[in-house]
Structure formats: C-alpha cells, structure tokens
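So this block is input00.cif, mmCIF, C-alpha atoms, pLDDT in the B column; chains and numbers go by the auth columns:
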```
data_my_file
loop_
_atom_site.group_PDB
_atom_site.id
_atom_site.type_symbol
_atom_site.label_atom_id
_atom_site.label_comp_id
_atom_site.label_asym_id
_atom_site.label_seq_id
_atom_site.Cartn_x
_atom_site.Cartn_y
_atom_site.Cartn_z
_atom_site.B_iso_or_equiv
_atom_site.auth_seq_id
_atom_site.auth_asym_id
ATOM 1 C CA MET A 1 0.000 0.000 0.000 51.00 1 A
ATOM 2 C CA PHE A 2 2.793 2.364 0.918 49.00 2 A
ATOM 3 C CA SER A 3 4.635 1.683 -2.339 53.00 3 A
ATOM 4 C CA LYS A 4 1.519 2.383 -4.419 52.00 4 A
ATOM 5 C CA ASN A 5 0.908 5.738 -2.708 53.00 5 A
ATOM 6 C CA TRP A 6 4.550 6.633 -3.070 49.00 6 A
ATOM 7 C CA SER A 7 4.482 5.874 -6.813 54.00 7 A
ATOM 8 C CA ARG A 8 1.457 8.125 -7.274 58.00 8 A
ATOM 9 C CA THR A 9 3.107 11.111 -5.604 62.00 9 A
ATOM 10 C CA PRO A 10 5.377 12.076 -8.544 61.00 10 A
ATOM 11 C CA VAL A 11 2.424 11.778 -10.936 57.00 11 A
ATOM 12 C CA ALA A 12 0.320 14.040 -8.750 58.00 12 A
ATOM 13 C CA LEU A 13 3.132 16.561 -8.511 57.00 13 A
ATOM 14 C CA MET A 14 3.592 16.547 -12.288 60.00 14 A
ATOM 15 C CA LEU A 15 -0.128 17.098 -12.864 56.00 15 A
ATOM 16 C CA ALA A 16 -0.163 19.953 -10.374 55.00 16 A
ATOM 17 C CA ALA A 17 2.837 21.542 -12.060 55.00 17 A
ATOM 18 C CA ALA A 18 1.180 21.227 -15.478 56.00 18 A
ATOM 19 C CA VAL A 19 -2.026 22.855 -14.247 51.00 19 A
ATOM 20 C CA LEU A 20 -0.077 25.689 -12.616 52.00 20 A
ATOM 21 C CA SER A 21 1.961 26.224 -15.776 55.00 21 A
ATOM 22 C CA ALA A 22 -1.150 26.343 -17.976 52.00 22 A
ATOM 23 C CA HIS A 23 -2.827 28.784 -15.594 52.00 23 A
ATOM 24 C CA SER A 24 0.237 31.021 -15.649 50.00 24 A
ATOM 25 C CA MET A 25 0.313 31.002 -19.455 57.00 25 A
ATOM 26 C CA PHE A 26 -3.335 32.031 -19.683 50.00 26 A
ATOM 27 C CA ALA A 27 -2.785 34.749 -17.087 48.00 27 A
ATOM 28 C CA LEU A 28 0.222 36.101 -18.972 52.00 28 A
ATOM 29 C CA ALA A 29 -1.674 36.042 -22.275 54.00 29 A
ATOM 30 C CA ALA A 30 -4.566 37.937 -20.734 48.00 30 A
ATOM 31 C CA LEU A 31 -2.172 40.467 -19.209 45.00 31 A
ATOM 32 C CA ALA A 32 -0.396 40.946 -22.538 48.00 32 A
ATOM 33 C CA GLN A 33 -3.703 41.635 -24.255 51.00 33 A
ATOM 34 C CA GLU A 34 -4.783 44.110 -21.618 58.00 34 A
ATOM 35 C CA THR A 35 -1.562 46.086 -21.975 82.00 35 A
ATOM 36 C CA ARG A 36 -1.987 46.474 -25.737 87.00 36 A
ATOM 37 C CA PRO A 37 -3.414 49.836 -26.858 91.00 37 A
ATOM 38 C CA SER A 38 -7.188 49.645 -27.128 93.00 38 A
ATOM 39 C CA ALA A 39 -9.932 51.605 -28.857 95.00 39 A
ATOM 40 C CA GLU A 40 -13.696 51.818 -28.711 95.00 40 A
ATOM 41 C CA ILE A 41 -15.787 50.151 -31.372 96.00 41 A
ATOM 42 C CA THR A 42 -19.207 51.288 -32.600 97.00 42 A
ATOM 43 C CA VAL A 43 -21.320 48.860 -34.620 97.00 43 A
ATOM 44 C CA ASN A 44 -24.288 49.774 -36.796 97.00 44 A
ATOM 45 C CA GLY A 45 -25.605 46.379 -37.865 96.00 45 A
ATOM 46 C CA LYS A 46 -23.209 43.459 -37.476 96.00 46 A
ATOM 47 C CA GLY A 47 -19.441 43.253 -37.147 96.00 47 A
ATOM 48 C CA LYS A 48 -16.703 40.928 -35.961 96.00 48 A
ATOM 49 C CA VAL A 49 -13.336 41.266 -34.235 96.00 49 A
ATOM 50 C CA ASN A 50 -10.972 38.365 -34.888 96.00 50 A
ATOM 51 C CA GLY A 51 -13.942 36.343 -36.143 95.00 51 A
ATOM 52 C CA VAL A 52 -16.068 36.913 -33.027 96.00 52 A
ATOM 53 C CA SER A 53 -19.260 39.006 -33.164 95.00 53 A
ATOM 54 C CA VAL A 54 -19.017 42.329 -31.357 94.00 54 A
ATOM 55 C CA ILE A 55 -21.493 45.017 -30.327 93.00 55 A
ATOM 56 C CA SER A 56 -21.236 48.772 -29.834 94.00 56 A
ATOM 57 C CA GLY A 57 -19.283 49.792 -26.778 91.00 57 A
ATOM 58 C CA GLY A 58 -16.895 46.869 -27.140 89.00 58 A
ATOM 59 C CA THR A 59 -13.127 47.084 -27.223 91.00 59 A
ATOM 60 C CA VAL A 60 -10.730 46.393 -30.050 95.00 60 A
ATOM 61 C CA PHE A 61 -7.034 45.927 -29.303 96.00 61 A
ATOM 62 C CA SER A 62 -4.108 46.970 -31.455 95.00 62 A
ATOM 63 C CA GLY A 63 -3.324 44.177 -33.898 95.00 63 A
ATOM 64 C CA ASP A 64 -6.896 42.862 -34.166 97.00 64 A
ATOM 65 C CA THR A 65 -8.767 42.262 -37.425 97.00 65 A
ATOM 66 C CA VAL A 66 -12.177 43.892 -37.869 97.00 66 A
ATOM 67 C CA GLU A 67 -14.822 42.674 -40.328 98.00 67 A
ATOM 68 C CA VAL A 68 -18.102 44.301 -41.326 98.00 68 A
ATOM 69 C CA GLU A 69 -21.190 42.373 -42.388 97.00 69 A
ATOM 70 C CA PRO A 70 -23.125 43.493 -45.490 97.00 70 A
ATOM 71 C CA ASN A 71 -25.300 46.590 -44.997 97.00 71 A
ATOM 72 C CA SER A 72 -23.480 47.435 -41.765 97.00 72 A
ATOM 73 C CA THR A 73 -20.777 49.841 -40.570 98.00 73 A
ATOM 74 C CA VAL A 74 -18.152 49.587 -37.848 98.00 74 A
ATOM 75 C CA THR A 75 -16.195 52.535 -36.454 97.00 75 A
ATOM 76 C CA ILE A 76 -12.943 52.296 -34.490 97.00 76 A
ATOM 77 C CA SER A 77 -12.146 55.447 -32.521 96.00 77 A
ATOM 78 C CA GLY A 78 -9.497 56.636 -30.090 95.00 78 A
ATOM 79 C CA LYS A 79 -6.908 59.372 -29.553 94.00 79 A
ATOM 80 C CA PHE A 80 -5.467 58.449 -32.959 96.00 80 A
ATOM 81 C CA GLY A 81 -8.708 59.518 -34.640 96.00 81 A
ATOM 82 C CA ARG A 82 -11.211 57.174 -36.238 96.00 82 A
ATOM 83 C CA VAL A 83 -11.628 54.580 -38.946 97.00 83 A
ATOM 84 C CA GLU A 84 -15.122 54.023 -40.319 98.00 84 A
ATOM 85 C CA LEU A 85 -15.440 50.701 -42.137 98.00 85 A
ATOM 86 C CA LEU A 86 -18.345 50.471 -44.546 98.00 86 A
ATOM 87 C CA SER A 87 -20.424 47.506 -45.722 97.00 87 A
ATOM 88 C CA SER A 88 -18.483 44.240 -46.237 97.00 88 A
ATOM 89 C CA ALA A 89 -15.126 45.836 -45.372 98.00 89 A
ATOM 90 C CA MET A 90 -12.235 44.008 -43.715 98.00 90 A
ATOM 91 C CA PHE A 91 -9.467 45.874 -41.873 98.00 91 A
ATOM 92 C CA GLU A 92 -6.614 43.534 -40.985 97.00 92 A
ATOM 93 C CA LYS A 93 -4.080 44.116 -38.185 95.00 93 A
ATOM 94 C CA ALA A 94 -5.564 47.413 -37.062 96.00 94 A
ATOM 95 C CA THR A 95 -2.494 48.791 -35.287 95.00 95 A
ATOM 96 C CA PHE A 96 -2.749 52.037 -33.359 95.00 96 A
ATOM 97 C CA SER A 97 -1.360 54.194 -30.572 93.00 97 A
ATOM 98 C CA ASP A 98 -1.868 57.794 -29.480 92.00 98 A
ATOM 99 C CA SER A 99 0.362 58.968 -32.351 94.00 99 A
ATOM 100 C CA ALA A 100 -0.009 56.349 -35.084 95.00 100 A
ATOM 101 C CA LEU A 101 -2.601 54.367 -37.009 97.00 101 A
ATOM 102 C CA SER A 102 -2.035 51.631 -39.581 97.00 102 A
ATOM 103 C CA GLY A 103 -3.614 48.500 -40.994 97.00 103 A
ATOM 104 C CA THR A 104 -4.519 46.711 -44.207 98.00 104 A
ATOM 105 C CA LEU A 105 -7.819 47.301 -45.986 98.00 105 A
ATOM 106 C CA ALA A 106 -8.342 43.840 -47.487 97.00 106 A
ATOM 107 C CA ALA A 107 -11.909 44.449 -48.704 97.00 107 A
ATOM 108 C CA GLY A 108 -14.521 47.169 -49.049 97.00 108 A
ATOM 109 C CA ARG A 109 -14.255 50.859 -48.259 97.00 109 A
ATOM 110 C CA ALA A 110 -13.078 52.934 -45.304 98.00 110 A
ATOM 111 C CA ARG A 111 -13.047 56.555 -44.178 97.00 111 A
ATOM 112 C CA VAL A 112 -10.108 57.650 -42.058 98.00 112 A
ATOM 113 C CA SER A 113 -9.622 60.837 -40.061 97.00 113 A
ATOM 114 C CA ALA A 114 -6.753 61.714 -37.733 97.00 114 A
ATOM 115 C CA PRO A 115 -5.684 64.810 -35.787 97.00 115 A
ATOM 116 C CA GLN A 116 -2.422 66.645 -36.319 96.00 116 A
ATOM 117 C CA GLY A 117 0.575 64.678 -35.078 96.00 117 A
ATOM 118 C CA VAL A 118 -0.829 61.230 -35.911 96.00 118 A
ATOM 119 C CA ALA A 119 0.966 59.238 -38.608 95.00 119 A
ATOM 120 C CA VAL A 120 -1.480 57.241 -40.754 97.00 120 A
ATOM 121 C CA SER A 121 -0.708 54.433 -43.195 97.00 121 A
ATOM 122 C CA VAL A 122 -3.353 52.180 -44.734 98.00 122 A
ATOM 123 C CA MET A 123 -2.090 49.344 -46.884 98.00 123 A
ATOM 124 C CA THR A 124 -3.854 47.568 -49.751 97.00 124 A
ATOM 125 C CA LYS A 125 -2.726 44.940 -52.242 96.00 125 A
ATOM 126 C CA ASP A 126 -1.768 47.771 -54.611 96.00 126 A
ATOM 127 C CA GLY A 127 0.270 49.887 -52.211 95.00 127 A
ATOM 128 C CA SER A 128 -0.409 52.221 -49.303 97.00 128 A
ATOM 129 C CA ALA A 129 -2.085 55.536 -48.504 97.00 129 A
ATOM 130 C CA VAL A 130 0.110 57.611 -46.176 97.00 130 A
ATOM 131 C CA ALA A 131 -1.143 60.820 -44.549 96.00 131 A
ATOM 132 C CA ASP A 132 1.146 63.700 -43.635 89.00 132 A
ATOM 133 C CA SER A 133 1.246 63.852 -39.812 93.00 133 A
ATOM 134 C CA ALA A 134 2.157 67.562 -39.874 94.00 134 A
ATOM 135 C CA GLN A 135 -1.539 68.378 -40.197 94.00 135 A
ATOM 136 C CA ALA A 136 -4.937 66.863 -39.551 96.00 136 A
ATOM 137 C CA SER A 137 -6.028 64.470 -42.283 96.00 137 A
ATOM 138 C CA ALA A 138 -9.214 62.951 -43.640 97.00 138 A
ATOM 139 C CA PHE A 139 -9.431 60.614 -46.602 98.00 139 A
ATOM 140 C CA SER A 140 -11.382 57.668 -47.988 97.00 140 A
ATOM 141 C CA ILE A 141 -9.954 54.499 -49.482 97.00 141 A
ATOM 142 C CA ASP A 142 -11.831 52.036 -51.674 97.00 142 A
ATOM 143 C CA VAL A 143 -10.752 48.562 -52.852 97.00 143 A
ATOM 144 C CA GLU A 144 -14.174 47.241 -53.874 94.00 144 A
ATOM 145 C CA CYS A 145 -13.321 47.209 -57.581 93.00 145 A
ATOM 146 C CA GLY A 146 -10.070 45.313 -57.201 94.00 146 A
ATOM 147 C CA ASN A 147 -7.913 48.410 -57.508 95.00 147 A
ATOM 148 C CA THR A 148 -7.236 51.132 -54.918 96.00 148 A
ATOM 149 C CA ILE A 149 -8.988 54.506 -55.037 96.00 149 A
ATOM 150 C CA VAL A 150 -7.963 57.210 -52.565 97.00 150 A
ATOM 151 C CA ALA A 151 -9.816 60.520 -52.178 97.00 151 A
ATOM 152 C CA THR A 152 -8.533 63.229 -49.841 97.00 152 A
ATOM 153 C CA GLN A 153 -10.927 65.499 -47.979 97.00 153 A
ATOM 154 C CA ALA A 154 -8.406 67.277 -45.707 96.00 154 A
ATOM 155 C CA GLY A 155 -4.642 67.379 -45.322 95.00 155 A
ATOM 156 C CA LYS A 156 -2.154 65.721 -47.662 93.00 156 A
ATOM 157 C CA VAL A 157 -2.163 62.041 -48.579 96.00 157 A
ATOM 158 C CA GLU A 158 0.397 60.152 -50.641 97.00 158 A
ATOM 159 C CA LEU A 159 -0.582 57.027 -52.584 97.00 159 A
ATOM 160 C CA ARG A 160 2.493 54.835 -52.854 96.00 160 A
ATOM 161 C CA SER A 161 2.568 51.948 -55.309 94.00 161 A
ATOM 162 C CA GLY A 162 5.836 50.275 -56.221 90.00 162 A
ATOM 163 C CA THR A 163 8.316 53.007 -57.053 91.00 163 A
ATOM 164 C CA GLU A 164 5.584 55.562 -57.749 92.00 164 A
ATOM 165 C CA ALA A 165 4.250 58.065 -55.195 95.00 165 A
ATOM 166 C CA LYS A 166 1.241 60.222 -56.048 95.00 166 A
ATOM 167 C CA GLN A 167 0.501 63.327 -53.980 95.00 167 A
ATOM 168 C CA ILE A 168 -3.260 63.672 -53.425 96.00 168 A
ATOM 169 C CA ALA A 169 -4.255 67.136 -52.223 94.00 169 A
ATOM 170 C CA ALA A 170 -7.530 67.918 -50.485 95.00 170 A
ATOM 171 C CA GLY A 171 -10.429 67.755 -52.933 95.00 171 A
ATOM 172 C CA SER A 172 -8.743 65.350 -55.344 96.00 172 A
ATOM 173 C CA GLN A 173 -8.368 61.603 -55.842 95.00 173 A
ATOM 174 C CA ASP A 174 -6.118 59.075 -57.551 95.00 174 A
ATOM 175 C CA THR A 175 -5.863 55.344 -58.143 95.00 175 A
ATOM 176 C CA ALA A 176 -3.412 52.447 -58.115 95.00 176 A
ATOM 177 C CA GLY A 177 -3.837 49.060 -59.746 93.00 177 A
ATOM 178 C CA GLN A 178 -6.403 47.876 -62.275 91.00 178 A
ATOM 179 C CA ALA A 179 -10.151 47.624 -61.736 90.00 179 A
ATOM 180 C CA ALA A 180 -11.536 44.107 -62.079 88.00 180 A
ATOM 181 C CA PRO A 181 -13.671 43.431 -65.195 88.00 181 A
ATOM 182 C CA GLY A 182 -17.396 43.790 -64.580 83.00 182 A
ATOM 183 C CA THR A 183 -17.087 46.128 -61.598 81.00 183 A
ATOM 184 C CA ARG A 184 -18.597 49.621 -61.508 79.00 184 A
ATOM 185 C CA CYS A 185 -15.122 51.162 -61.917 79.00 185 A
ATOM 186 C CA ALA A 186 -14.373 49.121 -65.040 70.00 186 A
ATOM 187 C CA ARG A 187 -17.771 49.975 -66.551 64.00 187 A
ATOM 188 C CA LEU A 188 -17.240 53.698 -66.032 60.00 188 A
ATOM 189 C CA SER A 189 -13.735 53.471 -67.511 57.00 189 A
ATOM 190 C CA THR A 190 -15.270 51.912 -70.639 51.00 190 A
ATOM 191 C CA VAL A 191 -17.789 54.754 -70.837 49.00 191 A
ATOM 192 C CA GLY A 192 -14.881 57.202 -70.592 46.00 192 A
ATOM 193 C CA THR A 193 -13.119 55.549 -73.531 43.00 193 A
ATOM 194 C CA GLY A 194 -16.273 55.912 -75.630 44.00 194 A
ATOM 195 C CA LEU A 195 -16.674 59.583 -74.775 39.00 195 A
ATOM 196 C CA ARG A 196 -13.077 60.366 -75.657 40.00 196 A
ATOM 197 C CA ALA A 197 -13.610 58.755 -79.097 40.00 197 A
ATOM 198 C CA ILE A 198 -16.223 61.397 -79.956 42.00 198 A
ATOM 199 C CA SER A 199 -14.966 64.756 -81.214 42.00 199 A
ATOM 200 C CA GLY A 200 -15.657 67.854 -79.107 43.00 200 A
ATOM 201 C CA GLY A 201 -18.210 69.261 -81.570 45.00 201 A
ATOM 202 C CA ALA A 202 -20.069 65.981 -81.962 46.00 202 A
ATOM 203 C CA LEU A 203 -20.176 65.485 -78.212 41.00 203 A
ATOM 204 C CA ALA A 204 -21.542 69.021 -77.734 45.00 204 A
ATOM 205 C CA ALA A 205 -24.294 68.321 -80.279 47.00 205 A
ATOM 206 C CA ILE A 206 -25.221 65.080 -78.578 43.00 206 A
ATOM 207 C CA LEU A 207 -25.361 66.782 -75.190 44.00 207 A
ATOM 208 C CA ALA A 208 -27.523 69.583 -76.581 48.00 208 A
ATOM 209 C CA ALA A 209 -29.927 67.177 -78.286 50.00 209 A
ATOM 210 C CA ALA A 210 -30.279 64.847 -75.366 46.00 210 A
ATOM 211 C CA GLY A 211 -29.557 67.125 -72.438 47.00 211 A
ATOM 212 C CA GLY A 212 -32.441 65.809 -70.356 47.00 212 A
ATOM 213 C CA ALA A 213 -31.492 62.173 -70.835 48.00 213 A
ATOM 214 C CA ILE A 214 -27.814 62.875 -70.170 43.00 214 A
ATOM 215 C CA ALA A 215 -28.656 64.778 -66.996 42.00 215 A
ATOM 216 C CA ALA A 216 -30.864 61.936 -65.834 44.00 216 A
ATOM 217 C CA GLY A 217 -28.056 59.482 -66.503 46.00 217 A
ATOM 218 C CA ILE A 218 -25.596 61.546 -64.484 40.00 218 A
ATOM 219 C CA ILE A 219 -28.038 61.809 -61.593 39.00 219 A
ATOM 220 C CA ALA A 220 -28.604 58.054 -61.699 44.00 220 A
ATOM 221 C CA ALA A 221 -24.873 57.377 -61.665 42.00 221 A
ATOM 222 C CA THR A 222 -24.109 59.763 -58.824 39.00 222 A
ATOM 223 C CA SER A 223 -27.059 58.483 -56.772 42.00 223 A
ATOM 224 C CA ASP A 224 -24.946 55.372 -56.241 44.00 224 A
ATOM 225 C CA ASN A 225 -22.290 57.543 -54.529 44.00 225 A
ATOM 226 C CA ASN A 226 -20.082 57.703 -57.626 41.00 226 A
ATOM 227 C CA ASP A 227 -18.838 61.179 -58.567 42.00 227 A
ATOM 228 C CA LEU A 228 -18.103 61.522 -62.257 35.00 228 A
ATOM 229 C CA ASN A 229 -15.272 63.665 -63.560 40.00 229 A
ATOM 230 C CA PHE A 230 -15.591 64.502 -67.253 34.00 230 A
ATOM 231 C CA GLY A 231 -12.171 66.224 -67.416 39.00 231 A
ATOM 232 C CA GLY A 232 -10.684 63.566 -69.724 40.00 232 A
ATOM 233 C CA ASN A 233 -11.161 60.118 -68.230 41.00 233 A
ATOM 234 C CA VAL A 234 -14.351 59.253 -66.441 37.00 234 A
ATOM 235 C CA THR A 235 -13.269 58.202 -62.985 38.00 235 A
ATOM 236 C CA VAL A 236 -14.906 57.056 -59.791 39.00 236 A
ATOM 237 C CA VAL A 237 -14.289 58.919 -56.567 39.00 237 A
ATOM 238 C CA SER A 238 -14.406 56.831 -53.415 42.00 238 A
ATOM 239 C CA PRO A 239 -17.861 57.468 -51.925 42.00 239 A
ATOM 240 C CA VAL A 240 -18.078 60.042 -49.172 42.00 240 A
ATOM 241 C CA GLN A 241 -21.403 60.084 -47.390 42.00 241 A
#
```
Any chance you could give the structure as structure tokens?
Amino acid sequence: MFSKNWSRTPVALMLAAAVLSAHSMFALAALAQETRPSAEITVNGKGKVNGVSVISGGTVFSGDTVEVEPNSTVTISGKFGRVELLSSAMFEKATFSDSALSGTLAAGRARVSAPQGVAVSVMTKDGSAVADSAQASAFSIDVECGNTIVATQAGKVELRSGTEAKQIAAGSQDTAGQAAPGTRCARLSTVGTGLRAISGGALAAILAAAGGAIAAGIIAATSDNNDLNFGGNVTVVSPVQ
C-alpha cells in the first residue's frame, strides 16, 4: 500500500505543475492583451473582431482584425482619430497608438480621419495611402473594384505603389492598380473611352440634343455615390457620405 501511494506522488506533482503552468500562461496572455493599446468600437448592424461578433461599446485591441457584415458599418475610434469601415469591409491588423494608425484594408471601403501629429498608413494589395502627420487628415480608401482609389478630404495624402508616389491634395483623388472586369469602376472606364472617341463638336451636339437624358443618366450614376469627372477620363471617386 505504501509503495503504491509513493508511486502516485510524482504523478500528482507533475499534474499539479502542469495545471499551474497552464494557468500562468493564460494569465500572462490575458495580461499581454490588456496592456496592448485599445480603442472603442461602434457597430451599426453586425461586425466581428478576430472572427467573433461584437457590439457597440466593445473594445478592439491593437493588432486585431475587424470585419463588417453586409449593410453594416463599424467605427474604431481613439486618440489616434477614427476609422469608419463600410459595408463588407475588412481591416486587418488594425495597429494604433496615441500617435499612429495603420492597418490593411483587405476588402470594401473605409473613411479615415486623424488629428495633427498622428501618422497614418493604410495598406492595400496595390500599395499604401500615407497621410502627412504635420496636419490633420481625412481621406477615404476604396478597394471594392479590385484596384485602390484614394480621395482626400483634408490634409495631404500620398498614394504609394511600387516606385511611384502620387501626392493627393484635399479635394482630389487618384488610383493604383487595375479595376476588375465587370465592376462599376471598369464599366465607367469603358464609358470614358467611348466619350473620348467622340470629337468635341459631336459630343456638344449630342449633349444639346439629349440634355435631359444625359442629366438623368448623371443623376442616376451619382445616386450610387459615384462622382463623375468629365475632365478627360471618367473616374470614380471613393464614396463620401
């Protein structure tokens, strides 16, 4: 009897040590998460953080991935400013601190605003949109069509793609990459090609003869949050609601 109890003692000690070790690991993991910078999340509809459903008033930690369900919006806000993710957007590795904000927009559209002194960099598959931290910035970024469209509302934003860097001043927009066939961006680019093929006089005559229909078409196009620019190419500006 004594020998059996004695043989069980090392096993019991090993099990106790394993339980204590596992508990310590979980405690350390929880502590590490709590010490990461955090931000408040506001959900209008349905959203997820790291694959888990979240509601308004919840917390998102630096490094998390935020997803938005269709017909919903999710906003991340803190001292760094705010990121509003629109329907079906995915923002991977949302990294932030009091003076910096970065992440990867893997799908959908986003609106970003940051106060002066905050460095902002949003990556996409085509490159990155980098805001000048010397002043407050506000810009939208859209990857719905397969390319990257950046529109600046305030401050200065640079769209970097490969070795190219495009300066986008407030009130203007630019793109990187190619729009996927069949998307709204590709369709409007095709329309632009057709318009450029018509001479200036012929186009003026067409517009005069069918002014009402043309106006209706423009209204219909812009009602889907697409601003048309007839100064050469017909382009799509990332929607700003």
Residues matched by the PyMOL selection byres ((chain A and resi 50) around 12), written as a JSON list (two decimals) with C-alpha atoms, in the coordinates of the input:
```json
[["chain", "number", "residue", "atom", "x", "y", "z"],
["A", 47, "GLY", "CA", -19.44, 43.25, -37.15],
["A", 48, "LYS", "CA", -16.70, 40.93, -35.96],
["A", 49, "VAL", "CA", -13.34, 41.27, -34.24],
["A", 51, "GLY", "CA", -13.94, 36.34, -36.14],
["A", 52, "VAL", "CA", -16.07, 36.91, -33.03],
["A", 53, "SER", "CA", -19.26, 39.01, -33.16],
["A", 54, "VAL", "CA", -19.02, 42.33, -31.36],
["A", 59, "THR", "CA", -13.13, 47.08, -27.22],
["A", 60, "VAL", "CA", -10.73, 46.39, -30.05],
["A", 61, "PHE", "CA", -7.03, 45.93, -29.30],
["A", 62, "SER", "CA", -4.11, 46.97, -31.46],
["A", 63, "GLY", "CA", -3.32, 44.18, -33.90],
["A", 64, "ASP", "CA", -6.90, 42.86, -34.17],
["A", 65, "THR", "CA", -8.77, 42.26, -37.42],
["A", 66, "VAL", "CA", -12.18, 43.89, -37.87],
["A", 67, "GLU", "CA", -14.82, 42.67, -40.33],
["A", 68, "VAL", "CA", -18.10, 44.30, -41.33],
["A", 90, "MET", "CA", -12.24, 44.01, -43.72],
["A", 91, "PHE", "CA", -9.47, 45.87, -41.87],
["A", 92, "GLU", "CA", -6.61, 43.53, -40.98],
["A", 93, "LYS", "CA", -4.08, 44.12, -38.18],
["A", 94, "ALA", "CA", -5.56, 47.41, -37.06]]
```
Inset, instruction - Starting from the shown file, work through the PyMOL selection byres ((chain A and resi 117) around 8) and note down what comes out as a list of chain:residue names. - result: A:Ser99, A:Pro115, A:Gln116, A:Val118, A:Ala119, A:Ser133, A:Ala134, A:Gln135, A:Ala136
Residues proximal to (-12.5, 65.9, -50.8) were defined as those with any atom within 8 Å of that point in the file's coordinates, counting only C-alpha atoms. Which are they, as an mmCIF file with C-alpha atoms, in the coordinates of the input?
```cif
data_model
loop_
_atom_site.group_PDB
_atom_site.id
_atom_site.type_symbol
_atom_site.label_atom_id
_atom_site.label_comp_id
_atom_site.auth_asym_id
_atom_site.auth_seq_id
_atom_site.Cartn_x
_atom_site.Cartn_y
_atom_site.Cartn_z
ATOM 1 C CA PHE A 139 -9.431 60.614 -46.602
ATOM 2 C CA ALA A 151 -9.816 60.520 -52.178
ATOM 3 C CA THR A 152 -8.533 63.229 -49.841
ATOM 4 C CA GLN A 153 -10.927 65.499 -47.979
ATOM 5 C CA ALA A 154 -8.406 67.277 -45.707
ATOM 6 C CA ALA A 170 -7.530 67.918 -50.485
ATOM 7 C CA GLY A 171 -10.429 67.755 -52.933
ATOM 8 C CA SER A 172 -8.743 65.350 -55.344
ATOM 9 C CA GLN A 173 -8.368 61.603 -55.842
#
```
Inset, instruction - Run the PyMOL selection byres ((chain A and resi 162) around 12) mentally over the shown coordinates, then write out the matched residues as JSON, numbers by chain, using the chain letters and numbers from the document. - result: {"A": [124, 125, 126, 127, 128, 159, 160, 161, 163, 164, 165, 166, 176, 177]}
Legend entry - Shell around Ala107 of chain A at 8 Å using all atoms listed in the file, local window under 2 positions removed, as a PyMOL selection string: chain A and resi 88-91+105+109+143-144
Take the residues that were just selected and, keeping C-alpha atoms, output them as a JSON list (two decimals), in the frame of the given file.
```json
[["chain", "number", "residue", "atom", "x", "y", "z"],
["A", 88, "SER", "CA", -18.48, 44.24, -46.24],
["A", 89, "ALA", "CA", -15.13, 45.84, -45.37],
["A", 90, "MET", "CA", -12.24, 44.01, -43.72],
["A", 91, "PHE", "CA", -9.47, 45.87, -41.87],
["A", 105, "LEU", "CA", -7.82, 47.30, -45.99],
["A", 109, "ARG", "CA", -14.26, 50.86, -48.26],
["A", 143, "VAL", "CA", -10.75, 48.56, -52.85],
["A", 144, "GLU", "CA", -14.17, 47.24, -53.87]]
```
